[in-house]
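K.L.:
Got a file for you: structure.csv, CSV, C-alpha atoms.
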chain,number,residue,atom,x,y,z
J,74,MET,CA,-9.9,-19.5,-31.6
J,75,ALA,CA,-13.4,-19.9,-30.2
J,76,LYS,CA,-14.8,-17.1,-28.0
J,77,LEU,CA,-15.4,-18.2,-24.4
J,78,SER,CA,-18.7,-17.4,-22.7
J,79,GLN,CA,-18.8,-15.8,-19.3
J,80,GLU,CA,-19.9,-19.2,-17.9
J,81,ASP,CA,-16.8,-20.9,-19.4
J,82,LEU,CA,-14.5,-18.3,-18.0
J,83,LEU,CA,-16.1,-18.5,-14.5
J,84,ALA,CA,-15.7,-22.3,-14.7
J,85,GLN,CA,-12.0,-21.9,-15.4
J,86,PHE,CA,-11.6,-19.3,-12.6
J,87,GLU,CA,-13.3,-21.7,-10.1
J,88,GLU,CA,-10.6,-24.3,-10.7
J,89,MET,CA,-7.8,-21.8,-10.0
J,90,THR,CA,-6.1,-21.3,-6.6
J,91,LEU,CA,-6.2,-17.8,-5.0
J,92,ILE,CA,-2.5,-17.3,-5.9
J,93,GLU,CA,-3.1,-18.3,-9.5
J,94,LEU,CA,-6.0,-16.0,-9.7
J,95,SER,CA,-4.0,-13.2,-8.1
J,96,GLU,CA,-1.2,-13.7,-10.7
J,97,PHE,CA,-3.8,-13.7,-13.5
J,98,VAL,CA,-5.3,-10.4,-12.3
J,99,LYS,CA,-1.8,-8.8,-12.2
J,100,ALA,CA,-1.1,-10.0,-15.7
J,101,PHE,CA,-4.5,-8.8,-16.9
J,102,GLU,CA,-3.8,-5.4,-15.3
J,103,GLU,CA,-0.4,-5.1,-17.0
J,104,LYS,CA,-1.6,-6.3,-20.4
J,105,PHE,CA,-4.5,-3.9,-20.6
J,106,ASP,CA,-3.1,-1.1,-18.5
J,107,VAL,CA,-6.0,-1.1,-16.1
J,108,THR,CA,-6.6,-1.7,-12.4
J,109,ALA,CA,-9.0,-4.1,-10.8
J,110,ALA,CA,-9.6,-1.8,-7.8
J,111,ALA,CA,-13.2,-1.2,-6.8
J,112,ALA,CA,-14.6,2.2,-7.9
J,113,VAL,CA,-15.1,4.6,-5.0
J,114,ALA,CA,-18.0,7.0,-5.1
J,115,VAL,CA,-17.0,10.6,-4.5
J,116,ALA,CA,-19.4,12.6,-2.4
J,117,GLY,CA,-19.9,16.2,-3.1
J,118,PRO,CA,-19.4,18.9,-0.4
J,119,ALA,CA,-22.0,18.9,2.4
J,120,ALA,CA,-24.9,21.3,2.0
J,121,PRO,CA,-24.6,24.5,4.0
J,122,GLY,CA,-26.0,24.1,7.5
J,123,ALA,CA,-25.8,20.3,7.4
J,124,PRO,CA,-24.1,18.8,10.5
J,125,ALA,CA,-20.7,17.3,9.8
J,126,GLU,CA,-20.6,13.6,10.2
J,127,ALA,CA,-18.2,12.1,12.7
J,128,PRO,CA,-15.5,10.1,11.0
J,129,GLU,CA,-16.1,6.4,11.3
J,130,GLU,CA,-13.7,4.5,13.5
J,131,GLN,CA,-11.6,2.1,11.5
J,132,ASP,CA,-12.5,-1.6,12.1
J,133,GLU,CA,-10.4,-3.3,9.4
J,134,PHE,CA,-6.6,-3.2,9.3
J,135,ASP,CA,-3.9,-4.4,7.0
J,136,VAL,CA,-0.6,-5.9,8.3
J,137,ILE,CA,2.2,-4.9,5.9
J,138,LEU,CA,5.6,-6.5,6.0
J,139,THR,CA,8.1,-3.7,5.3
J,140,GLY,CA,11.3,-5.7,5.8
J,141,ALA,CA,12.5,-9.2,6.8
J,142,GLY,CA,15.4,-8.2,8.9
J,143,ASP,CA,18.3,-10.5,9.7
J,144,LYS,CA,16.2,-13.6,10.6
J,145,LYS,CA,14.5,-14.1,7.3
J,146,ILE,CA,13.8,-17.8,7.9
J,147,GLN,CA,12.0,-17.1,11.2
J,148,VAL,CA,9.9,-14.4,9.4
J,149,ILE,CA,9.0,-16.9,6.7
J,150,LYS,CA,7.9,-19.4,9.4
J,151,VAL,CA,5.7,-16.7,11.1
J,152,VAL,CA,4.2,-15.7,7.7
J,153,ARG,CA,3.3,-19.3,7.1
J,154,GLU,CA,1.7,-19.5,10.5
J,155,LEU,CA,-0.4,-16.4,10.0
J,156,THR,CA,-1.5,-17.3,6.4
J,157,SER,CA,-2.3,-20.4,4.5
J,158,LEU,CA,0.6,-19.9,2.2
J,159,GLY,CA,3.0,-22.6,1.2
J,160,LEU,CA,6.8,-22.3,1.7
J,161,LYS,CA,7.5,-20.9,-1.7
J,162,GLU,CA,4.7,-18.3,-1.6
J,163,ALA,CA,5.7,-17.2,1.9
J,164,LYS,CA,9.3,-16.9,0.9
J,165,ASP,CA,8.3,-14.8,-2.2
J,166,LEU,CA,6.1,-12.6,0.0
J,167,VAL,CA,9.0,-12.0,2.4
J,168,ASP,CA,11.5,-11.4,-0.4
J,169,GLY,CA,9.1,-9.0,-2.1
J,170,ALA,CA,8.6,-6.8,1.0
J,171,PRO,CA,6.9,-4.3,1.4
J,172,LYS,CA,3.8,-6.5,0.9
J,173,PRO,CA,0.6,-7.1,2.9
J,174,VAL,CA,0.6,-10.2,5.0
J,175,LEU,CA,-3.0,-9.9,6.2
J,176,GLU,CA,-5.7,-7.6,4.8
J,177,LYS,CA,-8.9,-6.4,6.4
J,178,VAL,CA,-8.5,-8.1,9.8
J,179,ALA,CA,-9.8,-7.0,13.2
J,180,LYS,CA,-7.6,-4.6,15.2
J,181,ASP,CA,-6.6,-7.3,17.8
J,182,ALA,CA,-5.7,-9.8,15.1
J,183,ALA,CA,-3.6,-7.2,13.3
J,184,GLU,CA,-1.8,-6.3,16.5
J,185,LYS,CA,-1.1,-10.0,17.4
J,186,ALA,CA,0.2,-10.6,13.8
J,187,ALA,CA,2.4,-7.5,14.0
J,188,GLU,CA,3.8,-8.6,17.4
J,189,SER,CA,4.6,-12.1,16.0
J,190,LEU,CA,6.4,-10.7,13.0
J,191,LYS,CA,8.3,-8.2,15.1
J,192,GLY,CA,9.3,-11.0,17.5
J,193,ALA,CA,10.8,-12.9,14.5
J,194,GLY,CA,12.8,-9.8,13.5
J,195,ALA,CA,10.7,-8.3,10.8
J,196,SER,CA,9.7,-4.7,10.4
J,197,VAL,CA,5.9,-4.3,10.2
J,198,GLU,CA,3.4,-1.6,9.6
J,199,VAL,CA,-0.3,-1.7,10.5
J,200,LYS,CA,-2.6,0.5,8.4
Let's see the structure in the file written out as structure tokens.
P.N.:
Amino acid sequence: MAKLSQEDLLAQFEEMTLIELSEFVKAFEEKFDVTAAAAVAVAGPAAPGAPAEAPEEQDEFDVILTGAGDKKIQVIKVVRELTSLGLKEAKDLVDGAPKPVLEKVAKDAAEKAAESLKGAGASVEVK
């Protein structure tokens, strides 16, 4: 089998949908026992006498579906309204709860999405 160059691989990834790419990343992580999470730099302790920095206020939130409740079809409809997922993908997301519905959204958008999902009978968590 011929070895693919980076350009060839990127060309293949360009043709994939986000869901296909997400599934590929999961399969890659499982096969090679790695995670694709971004590395986080660890800061050492502050120097003595240095003022402590105020914690930054969170401006990005994740809306996590923790349960579908009794009205699963209504929850699937709301998930489809909030995302660009198709029917099968939305159903899989609801069936696989707890899963994130929206990630890194503004506080007001996260609250509106959580209210919509709760109104449909789902249990939701905003982080």
K.L.:
Do you know which residues are at most 10 Å from Lys161 in chain J counting all atoms listed in the file, after dropping those on the same chain fewer than 6 positions away, and could you put them as a VMD selection string?
P.N.:
chain J and resid 149 153 167
K.L.:
Which polymer residues have any atom within 10 Å of an atom of Ala163 in chain J, counting only C-alpha atoms, with same-chain residues fewer than 5 positions away left out, as number ranges by chain?
P.N.:
J: 148-154, 156-158, 168-169, 174
K.L.:
What does the distance between CA of Ile146 in chain J and CA of Lys177 in chain J come to in Å, to one decimal place?
P.N.:
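Rounded to one decimal, the two atoms are 25.4 Å apart.
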K.L.:
Record the distance separating CA of Glu184 in chain J and CA of Thr139 in chain J, expressed in Å with one decimal.
P.N.:
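So the two atoms, CA of Glu184 in chain J and CA of Thr139 in chain J, lie 15.2 Å apart.
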K.L.:
Go ahead and compute the interatomic distance for CA of Asp165 in chain J and CA of Ile92 in chain J, in Å to one decimal.
P.N.:
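Those two atoms sit 11.7 Å apart.
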K.L.:
Do you know which residues are at most 12 Å from Leu155 in chain J counting all atoms listed in the file, after dropping those on the same chain fewer than 4 positions away, and could you put them as a CSV table (one decimal) with C-alpha atoms, in the coordinates of the input?
P.N.:
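The resulting file, around36.csv, is reproduced below:
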chain,number,residue,atom,x,y,z
J,136,VAL,CA,-0.6,-5.9,8.3
J,148,VAL,CA,9.9,-14.4,9.4
J,149,ILE,CA,9.0,-16.9,6.7
J,150,LYS,CA,7.9,-19.4,9.4
J,151,VAL,CA,5.7,-16.7,11.1
J,159,GLY,CA,3.0,-22.6,1.2
J,163,ALA,CA,5.7,-17.2,1.9
J,173,PRO,CA,0.6,-7.1,2.9
J,174,VAL,CA,0.6,-10.2,5.0
J,175,LEU,CA,-3.0,-9.9,6.2
J,176,GLU,CA,-5.7,-7.6,4.8
J,178,VAL,CA,-8.5,-8.1,9.8
J,182,ALA,CA,-5.7,-9.8,15.1
J,183,ALA,CA,-3.6,-7.2,13.3
J,185,LYS,CA,-1.1,-10.0,17.4
J,186,ALA,CA,0.2,-10.6,13.8
J,187,ALA,CA,2.4,-7.5,14.0
J,188,GLU,CA,3.8,-8.6,17.4
J,189,SER,CA,4.6,-12.1,16.0
J,190,LEU,CA,6.4,-10.7,13.0
K.L.:
Counting only C-alpha atoms, figure out which residue out of J:Lys180, J:Leu166, J:Val98, J:Ala193 gets nearest to Phe86 in chain J.
P.N.:
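Residue with the minimum atom-to-atom distance to Phe86 in chain J: J:Val98.
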K.L.:
Please return range 160-185 of chain J, rebuilt to N, CA and C atoms, as a compact mmCIF listing (two decimals), in the coordinates of the input.
P.N.:
# COMPACT_ATOMS: atom_id res chain seq x y z
N LEU J 160 5.40 -22.79 1.47
CA LEU J 160 6.80 -22.30 1.70
C LEU J 160 7.23 -21.35 0.63
N LYS J 161 7.05 -21.72 -0.64
CA LYS J 161 7.50 -20.90 -1.70
C LYS J 161 6.78 -19.52 -1.74
N GLU J 162 5.46 -19.57 -1.56
CA GLU J 162 4.70 -18.30 -1.60
C GLU J 162 5.05 -17.42 -0.41
N ALA J 163 5.27 -18.02 0.77
CA ALA J 163 5.70 -17.20 1.90
C ALA J 163 7.04 -16.61 1.72
N LYS J 164 7.97 -17.38 1.13
CA LYS J 164 9.30 -16.90 0.90
C LYS J 164 9.24 -15.72 -0.16
N ASP J 165 8.42 -15.89 -1.21
CA ASP J 165 8.30 -14.80 -2.20
C ASP J 165 7.67 -13.57 -1.58
N LEU J 166 6.72 -13.73 -0.66
CA LEU J 166 6.10 -12.60 0.00
C LEU J 166 7.17 -11.85 0.82
N VAL J 167 7.98 -12.60 1.58
CA VAL J 167 9.00 -12.00 2.40
C VAL J 167 10.08 -11.32 1.55
N ASP J 168 10.48 -11.99 0.46
CA ASP J 168 11.50 -11.40 -0.40
C ASP J 168 10.99 -10.17 -1.15
N GLY J 169 9.69 -10.09 -1.39
CA GLY J 169 9.10 -9.00 -2.10
C GLY J 169 8.65 -7.83 -1.25
N ALA J 170 9.06 -7.83 0.03
CA ALA J 170 8.60 -6.80 1.00
C ALA J 170 8.96 -5.41 0.38
N PRO J 171 8.14 -4.41 0.56
CA PRO J 171 6.90 -4.30 1.40
C PRO J 171 5.72 -4.93 0.68
N LYS J 172 5.05 -5.84 1.39
CA LYS J 172 3.80 -6.50 0.90
C LYS J 172 2.89 -6.74 2.06
N PRO J 173 1.58 -6.74 1.79
CA PRO J 173 0.60 -7.10 2.90
C PRO J 173 0.65 -8.54 3.20
N VAL J 174 0.66 -8.84 4.49
CA VAL J 174 0.60 -10.20 5.00
C VAL J 174 -0.86 -10.57 5.24
N LEU J 175 -1.56 -9.71 5.95
CA LEU J 175 -3.00 -9.90 6.20
C LEU J 175 -3.71 -8.62 5.83
N GLU J 176 -4.89 -8.77 5.27
CA GLU J 176 -5.70 -7.60 4.80
C GLU J 176 -7.07 -7.69 5.46
N LYS J 177 -7.58 -6.53 5.85
CA LYS J 177 -8.90 -6.40 6.40
C LYS J 177 -9.21 -7.33 7.54
N VAL J 178 -8.35 -7.27 8.55
CA VAL J 178 -8.50 -8.10 9.80
C VAL J 178 -8.89 -7.15 10.92
N ALA J 179 -9.41 -7.73 11.98
CA ALA J 179 -9.80 -7.00 13.20
C ALA J 179 -8.51 -6.40 13.82
N LYS J 180 -8.71 -5.33 14.62
CA LYS J 180 -7.60 -4.60 15.20
C LYS J 180 -6.75 -5.57 16.10
N ASP J 181 -7.39 -6.39 16.95
CA ASP J 181 -6.60 -7.30 17.80
C ASP J 181 -5.86 -8.32 17.04
N ALA J 182 -6.44 -8.86 15.96
CA ALA J 182 -5.70 -9.80 15.10
C ALA J 182 -4.55 -9.18 14.42
N ALA J 183 -4.72 -7.94 13.98
CA ALA J 183 -3.60 -7.20 13.30
C ALA J 183 -2.49 -6.96 14.29
N GLU J 184 -2.83 -6.59 15.53
CA GLU J 184 -1.80 -6.30 16.50
C GLU J 184 -1.03 -7.59 16.89
N LYS J 185 -1.76 -8.71 17.05
CA LYS J 185 -1.10 -10.00 17.40
C LYS J 185 -0.17 -10.41 16.24
